[in-house]
$ cat data35.pdb   # PDB, C-alpha atoms
ATOM      1  CA  MET P   5     -26.605  68.173 -12.847
ATOM      2  CA  THR P   6     -24.033  69.940 -14.999
ATOM      3  CA  SER P   7     -22.919  68.396 -18.287
ATOM      4  CA  SER P   8     -19.390  67.817 -16.968
ATOM      5  CA  ARG P   9     -20.768  65.966 -13.952
ATOM      6  CA  ARG P  10     -23.078  64.011 -16.241
ATOM      7  CA  GLY P  11     -20.111  63.061 -18.458
ATOM      8  CA  TYR P  12     -18.115  62.072 -15.399
ATOM      9  CA  TRP P  13     -20.877  59.759 -14.190
ATOM     10  CA  ILE P  14     -21.285  58.182 -17.647
ATOM     11  CA  LEU P  15     -17.533  57.501 -17.855
ATOM     12  CA  ILE P  16     -17.182  56.119 -14.349
ATOM     13  CA  GLN P  17     -20.195  53.867 -14.855
ATOM     14  CA  LEU P  18     -18.870  52.602 -18.207
ATOM     15  CA  ALA P  19     -15.578  51.768 -16.465
ATOM     16  CA  THR P  20     -17.565  49.953 -13.753
ATOM     17  CA  ILE P  21     -19.441  47.951 -16.413
ATOM     18  CA  VAL P  22     -16.142  46.864 -18.000
ATOM     19  CA  GLY P  23     -14.891  45.888 -14.534
ATOM     20  CA  GLY P  24     -18.097  43.944 -13.898
ATOM     21  CA  ILE P  25     -17.730  41.990 -17.152
ATOM     22  CA  VAL P  26     -14.084  41.121 -16.432
ATOM     23  CA  GLY P  27     -14.979  40.198 -12.842
ATOM     24  CA  GLY P  28     -17.890  38.042 -14.038
ATOM     25  CA  LEU P  29     -15.643  36.147 -16.448
ATOM     26  CA  ARG P  30     -13.033  35.557 -13.715
ATOM     27  CA  LEU P  31     -15.720  34.409 -11.295
ATOM     28  CA  PHE P  32     -17.151  32.019 -13.903
ATOM     29  CA  ASP P  33     -13.705  30.482 -14.379
ATOM     30  CA  LEU P  34     -13.241  30.142 -10.622
ATOM     31  CA  ILE P  35     -16.643  28.494 -10.062
ATOM     32  CA  THR P  36     -16.608  26.112 -13.012
ATOM     33  CA  ARG P  37     -12.915  25.162 -13.024
TER      34      ARG P  37
ATOM     35  CA  MET B  10     -24.099  77.115 -16.655
ATOM     36  CA  GLU B  11     -26.836  74.546 -17.065
ATOM     37  CA  SER B  12     -29.026  74.280 -20.114
ATOM     38  CA  SER B  13     -32.732  73.860 -19.592
ATOM     39  CA  ASP B  14     -32.509  70.267 -20.810
ATOM     40  CA  GLU B  15     -29.850  69.369 -18.279
ATOM     41  CA  ALA B  16     -31.774  71.101 -15.541
ATOM     42  CA  SER B  17     -34.750  68.882 -16.332
ATOM     43  CA  LEU B  18     -32.735  65.891 -15.159
ATOM     44  CA  VAL B  19     -32.781  67.324 -11.646
ATOM     45  CA  ASP B  20     -35.924  67.144  -9.609
ATOM     46  CA  SER B  21     -37.431  70.568  -8.876
ATOM     47  CA  SER B  22     -36.801  70.042  -5.159
ATOM     48  CA  ASP B  23     -33.067  69.716  -5.916
ATOM     49  CA  GLU B  24     -32.807  72.892  -7.932
ATOM     50  CA  GLY B  25     -30.250  75.203  -6.441
ATOM     51  CA  ALA B  26     -29.262  72.555  -3.926
ATOM     52  CA  ASP B  27     -25.890  70.846  -3.953
ATOM     53  CA  SER B  28     -26.177  67.993  -6.433
ATOM     54  CA  ARG B  29     -23.065  66.210  -5.159
ATOM     55  CA  VAL B  30     -23.475  62.526  -4.455
ATOM     56  CA  SER B  31     -22.217  61.228  -1.105
ATOM     57  CA  LEU B  32     -19.373  58.731  -0.985
ATOM     58  CA  ARG B  33     -21.608  56.035   0.499
ATOM     59  CA  THR B  34     -24.255  56.460  -2.213
ATOM     60  CA  SER B  35     -21.558  56.487  -4.907
ATOM     61  CA  PHE B  36     -20.158  53.249  -3.519
ATOM     62  CA  TRP B  37     -23.539  51.491  -3.529
ATOM     63  CA  LEU B  38     -24.405  52.845  -6.962
ATOM     64  CA  LEU B  39     -21.168  51.658  -8.567
ATOM     65  CA  ALA B  40     -20.920  48.407  -6.586
ATOM     66  CA  SER B  41     -24.477  47.410  -7.520
ATOM     67  CA  LEU B  42     -23.801  48.241 -11.185
ATOM     68  CA  ALA B  43     -20.641  46.093 -11.108
ATOM     69  CA  VAL B  44     -22.528  43.172  -9.517
ATOM     70  CA  VAL B  45     -25.406  43.447 -12.035
ATOM     71  CA  THR B  46     -22.902  43.418 -14.931
ATOM     72  CA  ALA B  47     -21.028  40.479 -13.415
ATOM     73  CA  CYS B  48     -24.335  38.601 -12.985
ATOM     74  CA  LEU B  49     -25.301  39.244 -16.624
ATOM     75  CA  THR B  50     -21.871  37.944 -17.683
ATOM     76  CA  LEU B  51     -22.235  34.850 -15.468
ATOM     77  CA  LEU B  52     -25.702  34.126 -16.854
ATOM     78  CA  PHE B  53     -24.408  34.510 -20.421
ATOM     79  CA  MET B  54     -21.502  32.133 -19.767
ATOM     80  CA  GLY B  55     -23.660  29.680 -17.812
ATOM     81  CA  MET B  56     -26.174  29.518 -20.648
ATOM     82  CA  ARG B  57     -23.374  28.789 -23.130
ATOM     83  CA  ALA B  58     -22.093  25.936 -20.971
ATOM     84  CA  VAL B  59     -25.597  24.385 -20.808
ATOM     85  CA  MET B  60     -26.279  24.893 -24.524
ATOM     86  CA  ALA B  61     -22.988  23.170 -25.311
ATOM     87  CA  ILE B  62     -24.335  19.951 -23.765
ATOM     88  CA  GLY B  63     -27.624  20.094 -25.670
ATOM     89  CA  GLY B  64     -29.550  22.886 -23.943
ATOM     90  CA  ALA B  65     -30.712  21.159 -20.767
ATOM     91  CA  CYS B  66     -29.184  19.593 -17.696
ATOM     92  CA  ALA B  67     -30.219  18.503 -14.218
ATOM     93  CA  GLU B  68     -28.690  17.999 -10.810
ATOM     94  CA  GLY B  69     -29.850  16.465  -7.517
ATOM     95  CA  GLY B  70     -33.182  14.819  -6.781
ATOM     96  CA  PRO B  71     -34.091  11.125  -6.709
ATOM     97  CA  TYR B  72     -34.250  10.689 -10.503
ATOM     98  CA  LEU B  73     -31.846   9.165 -12.979
ATOM     99  CA  ILE B  74     -30.229  12.158 -14.661
ATOM    100  CA  ALA B  75     -29.640  11.753 -18.386
ATOM    101  CA  ASN B  76     -27.683  14.987 -18.778
ATOM    102  CA  PRO B  77     -25.800  16.090 -15.648
ATOM    103  CA  CYS B  78     -24.930  19.790 -15.326
ATOM    104  CA  PRO B  79     -21.326  20.920 -15.825
ATOM    105  CA  LYS B  80     -19.495  21.697 -12.577
ATOM    106  CA  GLY B  81     -20.695  24.835 -10.806
ATOM    107  CA  ILE B  82     -23.391  25.685 -13.384
ATOM    108  CA  PRO B  83     -26.427  25.406 -11.042
ATOM    109  CA  LEU B  84     -24.709  27.852  -8.659
ATOM    110  CA  VAL B  85     -23.836  30.191 -11.554
ATOM    111  CA  MET B  86     -27.391  30.198 -12.953
ATOM    112  CA  ILE B  87     -29.313  30.559  -9.689
ATOM    113  CA  GLY B  88     -26.779  32.981  -8.183
ATOM    114  CA  SER B  89     -26.654  35.226 -11.244
ATOM    115  CA  ILE B  90     -30.454  35.423 -11.621
ATOM    116  CA  TRP B  91     -31.107  36.300  -7.977
ATOM    117  CA  GLY B  92     -27.974  38.444  -7.615
ATOM    118  CA  GLY B  93     -28.862  40.311 -10.801
ATOM    119  CA  LEU B  94     -32.433  40.987  -9.665
ATOM    120  CA  ILE B  95     -31.477  42.162  -6.171
ATOM    121  CA  PHE B  96     -28.584  44.375  -7.247
ATOM    122  CA  ALA B  97     -30.521  45.796 -10.223
ATOM    123  CA  GLY B  98     -33.089  46.899  -7.629
ATOM    124  CA  ILE B  99     -30.367  48.521  -5.514
ATOM    125  CA  TYR B 100     -28.878  50.240  -8.583
ATOM    126  CA  ILE B 101     -32.228  51.621  -9.733
ATOM    127  CA  TRP B 102     -32.942  52.832  -6.185
ATOM    128  CA  GLN B 103     -29.578  54.639  -5.945
ATOM    129  CA  THR B 104     -29.817  56.288  -9.381
ATOM    130  CA  THR B 105     -33.403  57.387  -8.770
ATOM    131  CA  LYS B 106     -32.429  58.818  -5.392
ATOM    132  CA  THR B 107     -29.441  60.770  -6.694
ATOM    133  CA  LYS B 108     -30.666  61.676 -10.216
ATOM    134  CA  VAL B 109     -27.371  60.371 -11.570
ATOM    135  CA  VAL B 110     -27.376  59.276 -15.254
ATOM    136  CA  SER B 111     -28.789  55.770 -15.144
ATOM    137  CA  PHE B 112     -27.860  52.736 -17.217
ATOM    138  CA  ALA B 113     -30.817  50.846 -15.755
ATOM    139  CA  GLY B 114     -32.622  50.942 -19.115
ATOM    140  CA  PHE B 115     -29.790  48.890 -20.623
ATOM    141  CA  ILE B 116     -30.055  45.975 -18.184
ATOM    142  CA  TRP B 117     -33.060  44.407 -19.916
ATOM    143  CA  PRO B 118     -31.648  44.802 -23.475
ATOM    144  CA  ALA B 119     -28.229  43.519 -22.322
ATOM    145  CA  LEU B 120     -29.878  40.434 -20.810
ATOM    146  CA  PHE B 121     -32.009  39.555 -23.826
ATOM    147  CA  LEU B 122     -29.529  40.496 -26.546
ATOM    148  CA  SER B 123     -26.678  38.550 -24.927
ATOM    149  CA  LEU B 124     -28.822  35.443 -24.381
ATOM    150  CA  GLY B 125     -30.312  35.853 -27.881
ATOM    151  CA  TRP B 126     -26.804  35.883 -29.294
ATOM    152  CA  ASN B 127     -26.203  32.492 -27.647
ATOM    153  CA  PHE B 128     -29.315  31.060 -29.332
ATOM    154  CA  PHE B 129     -28.100  32.238 -32.754
ATOM    155  CA  GLU B 130     -24.518  31.134 -32.226
ATOM    156  CA  PHE B 131     -25.430  27.659 -30.991
ATOM    157  CA  SER B 132     -28.038  27.092 -33.705
ATOM    158  CA  ILE B 133     -25.317  27.829 -36.275
ATOM    159  CA  ARG B 134     -22.849  25.664 -34.349
ATOM    160  CA  ALA B 135     -25.310  22.745 -34.276
ATOM    161  CA  SER B 136     -25.669  23.058 -38.035
ATOM    162  CA  ARG B 137     -21.905  23.178 -38.491
ATOM    163  CA  GLU B 138     -21.473  20.068 -36.370
ATOM    164  CA  GLY B 139     -23.909  18.113 -38.497
ATOM    165  CA  HIS B 140     -27.102  18.211 -36.400
ATOM    166  CA  GLY B 141     -28.907  20.552 -38.827
ATOM    167  CA  VAL B 142     -29.946  24.131 -37.992
ATOM    168  CA  ALA B 143     -31.633  24.080 -34.559
ATOM    169  CA  TRP B 144     -34.789  25.982 -35.594
ATOM    170  CA  GLY B 145     -36.138  26.068 -32.052
ATOM    171  CA  TRP B 146     -33.075  28.061 -31.042
ATOM    172  CA  VAL B 147     -33.366  30.367 -34.080
ATOM    173  CA  VAL B 148     -36.965  31.182 -33.084
ATOM    174  CA  CYS B 149     -35.835  31.869 -29.490
ATOM    175  CA  GLY B 150     -32.982  34.007 -30.833
ATOM    176  CA  VAL B 151     -35.338  36.146 -32.958
ATOM    177  CA  LEU B 152     -37.726  36.538 -30.016
ATOM    178  CA  PHE B 153     -34.923  37.524 -27.644
ATOM    179  CA  ALA B 154     -33.440  39.932 -30.235
ATOM    180  CA  LEU B 155     -36.804  41.694 -30.515
ATOM    181  CA  MET B 156     -37.352  41.691 -26.747
ATOM    182  CA  GLY B 157     -33.921  43.227 -26.215
ATOM    183  CA  GLY B 158     -33.635  45.352 -29.364
ATOM    184  CA  ILE B 159     -36.873  47.328 -29.157
ATOM    185  CA  PRO B 160     -36.351  48.491 -25.525
ATOM    186  CA  LEU B 161     -32.754  49.335 -26.522
ATOM    187  CA  LEU B 162     -34.113  52.062 -28.815
ATOM    188  CA  PHE B 163     -35.807  53.628 -25.793
ATOM    189  CA  ALA B 164     -32.822  53.094 -23.475
ATOM    190  CA  THR B 165     -30.403  54.910 -25.801
ATOM    191  CA  ARG B 166     -32.893  57.746 -25.943
ATOM    192  CA  THR B 167     -32.909  58.124 -22.169
ATOM    193  CA  LEU B 168     -29.118  58.114 -21.990
ATOM    194  CA  PHE B 169     -28.228  60.272 -24.973
ATOM    195  CA  GLY B 170     -31.464  62.169 -25.306
ATOM    196  CA  SER B 171     -32.003  65.328 -23.352
ATOM    197  CA  LYS B 172     -34.993  64.309 -21.271
ATOM    198  CA  PRO B 173     -36.080  61.300 -19.245
ATOM    199  CA  LEU B 174     -38.242  58.797 -21.100
ATOM    200  CA  ILE B 175     -41.525  59.421 -19.317
ATOM    201  CA  GLY B 176     -41.304  63.204 -19.658
ATOM    202  CA  SER B 177     -40.344  62.986 -23.292
ATOM    203  CA  SER B 178     -43.156  60.536 -24.080
ATOM    204  CA  ILE B 179     -45.738  62.873 -22.660
ATOM    205  CA  SER B 180     -44.334  66.172 -23.886
ATOM    206  CA  ASN B 181     -43.183  64.889 -27.251
ATOM    207  CA  LEU B 182     -45.836  62.493 -28.431
ATOM    208  CA  GLY B 183     -44.911  63.067 -32.088
ATOM    209  CA  GLY B 184     -41.312  62.021 -31.449
ATOM    210  CA  SER B 185     -42.409  58.916 -29.567
ATOM    211  CA  LEU B 186     -44.788  57.912 -32.353
ATOM    212  CA  LYS B 187     -41.990  58.406 -34.858
ATOM    213  CA  LEU B 188     -39.747  56.175 -32.751
ATOM    214  CA  ALA B 189     -42.455  53.506 -32.543
ATOM    215  CA  ALA B 190     -42.934  53.736 -36.330
ATOM    216  CA  THR B 191     -39.193  53.284 -36.824
ATOM    217  CA  GLY B 192     -39.324  50.185 -34.630
ATOM    218  CA  LEU B 193     -42.257  48.775 -36.578
ATOM    219  CA  SER B 194     -40.643  49.413 -39.943
ATOM    220  CA  THR B 195     -37.464  47.716 -38.658
ATOM    221  CA  VAL B 196     -39.524  44.645 -37.725
ATOM    222  CA  ARG B 197     -41.191  44.717 -41.161
ATOM    223  CA  GLN B 198     -37.825  44.998 -42.918
ATOM    224  CA  LEU B 199     -36.510  42.117 -40.825
ATOM    225  CA  ARG B 200     -39.488  39.988 -41.818
ATOM    226  CA  SER B 201     -39.062  40.694 -45.519
ATOM    227  CA  ALA B 202     -35.317  40.092 -45.260
ATOM    228  CA  MET B 203     -35.808  36.769 -43.453
ATOM    229  CA  PRO B 204     -35.002  34.543 -46.479
ATOM    230  CA  GLU B 205     -31.743  36.423 -46.996
ATOM    231  CA  ILE B 206     -30.948  36.228 -43.267
ATOM    232  CA  LEU B 207     -31.514  32.462 -43.345
ATOM    233  CA  ARG B 208     -29.299  32.147 -46.439
ATOM    234  CA  ALA B 209     -26.609  34.191 -44.669
ATOM    235  CA  MET B 210     -26.941  31.959 -41.589
ATOM    236  CA  SER B 211     -26.455  28.864 -43.724
ATOM    237  CA  SER B 212     -23.285  30.259 -45.265
ATOM    238  CA  ALA B 213     -22.105  31.437 -41.837
ATOM    239  CA  ALA B 214     -22.700  27.908 -40.567
ATOM    240  CA  ALA B 215     -20.549  26.553 -43.376
ATOM    241  CA  ALA B 216     -17.747  28.967 -42.513
ATOM    242  CA  TRP B 217     -18.027  28.574 -38.720
ATOM    243  CA  PRO B 218     -14.851  27.309 -36.994
ATOM    244  CA  GLN B 219     -15.041  23.576 -36.358
ATOM    245  CA  SER B 220     -13.629  23.465 -32.850
ATOM    246  CA  SER B 221     -16.096  24.834 -30.335
ATOM    247  CA  GLY B 222     -14.018  24.206 -27.245
ATOM    248  CA  TYR B 223     -16.928  22.344 -25.666
ATOM    249  CA  PRO B 224     -17.889  18.702 -26.037
ATOM    250  CA  THR B 225     -21.324  18.670 -27.625
ATOM    251  CA  VAL B 226     -24.051  16.063 -27.271
ATOM    252  CA  PRO B 227     -27.151  15.988 -29.510
ATOM    253  CA  VAL B 228     -30.312  17.393 -27.970
ATOM    254  CA  THR B 229     -32.023  13.987 -28.015
ATOM    255  CA  GLY B 230     -29.180  12.679 -25.876
ATOM    256  CA  THR B 231     -30.086   9.013 -26.054
ATOM    257  CA  GLU B 232     -27.782   8.289 -28.976
ATOM    258  CA  ALA B 233     -24.944   9.239 -26.646
ATOM    259  CA  THR B 234     -22.482  10.263 -29.308
ATOM    260  CA  THR B 235     -19.857  12.941 -29.128
ATOM    261  CA  THR B 236     -19.055  15.338 -31.907
ATOM    262  CA  GLY B 237     -16.805  18.304 -32.496
ATOM    263  CA  ALA B 238     -13.321  18.550 -31.084
ATOM    264  CA  PRO B 239     -12.048  15.399 -29.403
ATOM    265  CA  ASP B 240     -12.339  15.941 -25.679
ATOM    266  CA  PRO B 241     -11.213  13.282 -23.214
ATOM    267  CA  GLY B 242     -13.400  14.712 -20.409
ATOM    268  CA  GLY B 243     -16.530  14.635 -22.604
ATOM    269  CA  LEU B 244     -15.804  11.106 -23.781
ATOM    270  CA  VAL B 245     -15.443   9.836 -20.224
ATOM    271  CA  ALA B 246     -18.718  11.512 -19.237
ATOM    272  CA  VAL B 247     -20.585   9.891 -22.145
ATOM    273  CA  LEU B 248     -19.092   6.456 -21.354
ATOM    274  CA  ALA B 249     -20.053   6.852 -17.686
ATOM    275  CA  LYS B 250     -23.581   7.787 -18.709
ATOM    276  CA  LEU B 251     -23.808   4.778 -21.032
ATOM    277  CA  ASP B 252     -22.619   2.537 -18.228
ATOM    278  CA  GLU B 253     -25.229   4.044 -15.918
ATOM    279  CA  LEU B 254     -27.991   3.443 -18.487
ATOM    280  CA  HIS B 255     -26.772  -0.096 -19.041
ATOM    281  CA  ARG B 256     -26.780  -0.865 -15.338
ATOM    282  CA  SER B 257     -30.216   0.651 -14.855
ATOM    283  CA  GLY B 258     -31.543  -1.648 -17.569
ATOM    284  CA  ALA B 259     -32.443   1.145 -19.994
ATOM    285  CA  LEU B 260     -29.913  -0.281 -22.473
ATOM    286  CA  SER B 261     -29.592  -3.986 -23.274
ATOM    287  CA  ASP B 262     -26.143  -5.601 -23.469
ATOM    288  CA  ASP B 263     -26.152  -5.426 -27.262
ATOM    289  CA  GLU B 264     -27.313  -1.812 -27.332
ATOM    290  CA  TYR B 265     -24.693  -0.876 -24.751
ATOM    291  CA  GLN B 266     -21.879  -2.534 -26.699
ATOM    292  CA  ALA B 267     -23.018  -0.944 -29.978
ATOM    293  CA  ALA B 268     -23.291   2.512 -28.405
ATOM    294  CA  LYS B 269     -19.902   2.154 -26.735
ATOM    295  CA  LYS B 270     -18.292   1.149 -30.016
ATOM    296  CA  GLN B 271     -19.889   4.129 -31.720
ATOM    297  CA  VAL B 272     -18.658   6.534 -29.033
ATOM    298  CA  LEU B 273     -15.139   5.157 -29.027
ATOM    299  CA  GLY B 274     -15.054   5.111 -32.807
ATOM    300  CA  LYS B 275     -15.956   8.815 -32.987
ATOM    301  CA  GLY B 276     -13.822   9.799 -30.029
ATOM    302  CA  GLN B 277     -10.564   8.644 -31.557
TER     303      GLN B 277
END
$ encode --input "data35.pdb" --output "C-alpha cells"
Amino acid sequence: MTSSRRGYWILIQLATIVGGIVGGLRLFDLITR
Amino acid sequence: MESSDEASLVDSSDEGADSRVSLRTSFWLLASLAVVTACLTLLFMGMRAVMAIGGACAEGGPYLIANPCPKGIPLVMIGSIWGGLIFAGIYIWQTTKTKVVSFAGFIWPALFLSLGWNFFEFSIRASREGHGVAWGWVVCGVLFALMGGIPLLFATRTLFGSKPLIGSSISNLGGSLKLAATGLSTVRQLRSAMPEILRAMSSAAAAWPQSSGYPTVPVTGTEATTTGAPDPGGLVAVLAKLDELHRSGALSDDEYQAAKKQVLGKGQ
C-alpha cells in the first residue's frame, strides 16, 4: 500500500470515528430522552 | 514508489497485485468502524448516567428495586456492549482482509481510558458534593487507566510505526524490550507520584463546578437524600421511592416522615 493510500485511509477512518462519536451522542439523546 | 517498510504492510501474496479496496469492503470497513465508535460513546454516556445515581441500578424482575435505572439505560448498555463486540469483529475482519491501516488496536484503550475517566471524574464529583472521595472508584480508575494506557503504547506503534506489531516484536526484540521498560518506568513514576496525584485530585475536587447536571444519590441509597443542583425530576423520583419503601413496610411512619422532611428541606 502506497503512503498516499495509507494516509487516505487514516484520514477517512478518523473522519468516520468523529462521525461515530457524534452519531453515538445523538443516539444516546434519542434513547434516553 | 514504495519503501520497504510500506511494502511490509502488504502480504507477500498481494505484492504486485492491485491493492485497491472494493466499494463493498470499504463500506463494511467504515460502517463497522462508525458503529464501534458509536457503541463506545453510548457505553461511556450510559456509564455516566448510572454513576450519577450512585453507580448501580436495576430494572425488571420480581424484586423491589431500590435504585431504578434511568430511562433507556438498560438498552444503551446491553446494545452498546453487544453491538461493539460484533462490529469490532467485522472491522477487524475487513482490515485484516484488505491490509488497510487498522485502528483496531485503539478500541481496547479507547474503551478502558474513557470508562476510567468516568471513574476519576465521578470520584472527584462525589468529593465535591460532600460524600468524600469515592476511593473504590479511584482504584477502578487507576486500574482502567493502566489497562487502557499500556496497550495504547503498542497501538500507537502499530499505527505510526513502520511495521505491524507482531513482526516488529519478533524482528526488533531490543525495541520491544525498551518499550516495555518505558511502560514499567512510567508505572513506577506513577506510583512514586501518587501522593502528589492525590493532593492534586483533592484540589481539583475543591475547584470542580458544583452543578453536575445530574441528580445524585449517595451510594448507600437508603438515606434517600438528594444533593447537587436542584432537580425536580430527581426529587420526585426520590419521593416516589420513599413512598414505595414506606408502603412495603421497610420504613416506619416516623422514619418516612423524617426522610420526607429531609428530602424536601434539601430540595428547596
$ residues_around --input "data35.pdb" --residues "region 11-14 of chain P" --least-positions-apart "5" --cutoff "9 Å" --atoms "all atoms listed in the file" --output "ChimeraX atom specification"
/P:6,19 /B:109-112,168
$ closest_atom_pairs --input "data35.pdb" --of "chain P" --to "chain B" --cutoff "6 Å" --atoms "only C-alpha atoms" --output "CSV"
residue,atom,partner,partner_atom,distance
P:Thr6,CA,B:Glu11,CA,5.8
P:Thr20,CA,B:Ala43,CA,5.6
P:Ile21,CA,B:Ala43,CA,5.7
P:Gly24,CA,B:Ala43,CA,4.3
P:Ile25,CA,B:Ala47,CA,5.2
P:Gly28,CA,B:Ala47,CA,4.0
P:Ile35,CA,B:Gly81,CA,5.5
P:Thr36,CA,B:Gly81,CA,4.8
$ closest_residue --input "data35.pdb" --among "B:Lys250, B:Glu138, B:Gly145, B:Leu162" --to "Lys187 (chain B)" --atoms "all atoms listed in the file"
B:Leu162
$ atom_distance --input "data35.pdb" --atom1 "CA of Leu273 (chain B)" --atom2 "CA of Leu244 (chain B)"
8.0 Å
$ closest_residue --input "data35.pdb" --among "B:Val59, B:Ser132, B:Arg137, B:Ile159" --to "Gly192 (chain B)" --atoms "all atoms listed in the file"
B:Ile159
$ atom_distance --input "data35.pdb" --atom1 "CA of Ile74 (chain B)" --atom2 "CA of Phe129 (chain B)"
27.1 Å
$ residues_around --input "data35.pdb" --residues "region 113-125 of chain B" --least-positions-apart "6" --cutoff "8 Å" --atoms "all atoms listed in the file" --output "number ranges by chain"
B: 49, 53, 56, 97, 100-101, 149-154, 156-158, 160-161, 163-165, 167
$ build_atoms --input "data35.pdb" --residues "region 16-32 of chain P" --atoms "N, CA, C and O atoms" --output "compact mmCIF listing (two decimals), in the coordinates of the input"
# COMPACT_ATOMS: atom_id res chain seq x y z
N ILE P 16 -17.52 56.97 -15.50
CA ILE P 16 -17.18 56.12 -14.35
C ILE P 16 -18.08 54.88 -14.34
O ILE P 16 -17.64 53.78 -13.98
N GLN P 17 -19.31 55.04 -14.81
CA GLN P 17 -20.20 53.87 -14.86
C GLN P 17 -19.81 52.92 -15.99
O GLN P 17 -19.91 51.70 -15.83
N LEU P 18 -19.35 53.48 -17.12
CA LEU P 18 -18.87 52.60 -18.21
C LEU P 18 -17.67 51.79 -17.74
O LEU P 18 -17.55 50.59 -18.02
N ALA P 19 -16.75 52.47 -17.00
CA ALA P 19 -15.58 51.77 -16.46
C ALA P 19 -16.02 50.67 -15.50
O ALA P 19 -15.47 49.56 -15.50
N THR P 20 -17.05 50.96 -14.70
CA THR P 20 -17.57 49.95 -13.75
C THR P 20 -18.15 48.76 -14.49
O THR P 20 -17.98 47.60 -14.08
N ILE P 21 -18.84 49.03 -15.62
CA ILE P 21 -19.44 47.95 -16.41
C ILE P 21 -18.34 47.04 -16.97
O ILE P 21 -18.43 45.81 -16.89
N VAL P 22 -17.27 47.67 -17.48
CA VAL P 22 -16.14 46.86 -18.00
C VAL P 22 -15.57 46.00 -16.87
O VAL P 22 -15.32 44.80 -17.03
N GLY P 23 -15.39 46.63 -15.70
CA GLY P 23 -14.89 45.89 -14.53
C GLY P 23 -15.81 44.74 -14.16
O GLY P 23 -15.36 43.65 -13.83
N GLY P 24 -17.11 44.98 -14.23
CA GLY P 24 -18.10 43.94 -13.90
C GLY P 24 -18.02 42.77 -14.85
O GLY P 24 -18.11 41.61 -14.44
N ILE P 25 -17.83 43.07 -16.15
CA ILE P 25 -17.73 41.99 -17.15
C ILE P 25 -16.48 41.15 -16.90
O ILE P 25 -16.54 39.91 -16.85
N VAL P 26 -15.34 41.84 -16.69
CA VAL P 26 -14.08 41.12 -16.43
C VAL P 26 -14.21 40.28 -15.15
O VAL P 26 -13.84 39.10 -15.10
N GLY P 27 -14.78 40.91 -14.11
CA GLY P 27 -14.98 40.20 -12.84
C GLY P 27 -15.89 38.99 -13.00
O GLY P 27 -15.62 37.93 -12.44
N GLY P 28 -16.96 39.14 -13.79
CA GLY P 28 -17.89 38.04 -14.04
C GLY P 28 -17.20 36.88 -14.73
O GLY P 28 -17.41 35.72 -14.39
N LEU P 29 -16.36 37.20 -15.72
CA LEU P 29 -15.64 36.15 -16.45
C LEU P 29 -14.67 35.40 -15.53
O LEU P 29 -14.57 34.17 -15.56
N ARG P 30 -13.98 36.17 -14.67
CA ARG P 30 -13.03 35.56 -13.72
C ARG P 30 -13.78 34.65 -12.74
O ARG P 30 -13.35 33.56 -12.43
N LEU P 31 -14.91 35.16 -12.26
CA LEU P 31 -15.72 34.41 -11.30
C LEU P 31 -16.23 33.11 -11.93
O LEU P 31 -16.25 32.05 -11.30
N PHE P 32 -16.66 33.21 -13.20
CA PHE P 32 -17.15 32.02 -13.90
C PHE P 32 -16.06 30.96 -13.98
O PHE P 32 -16.30 29.78 -13.73
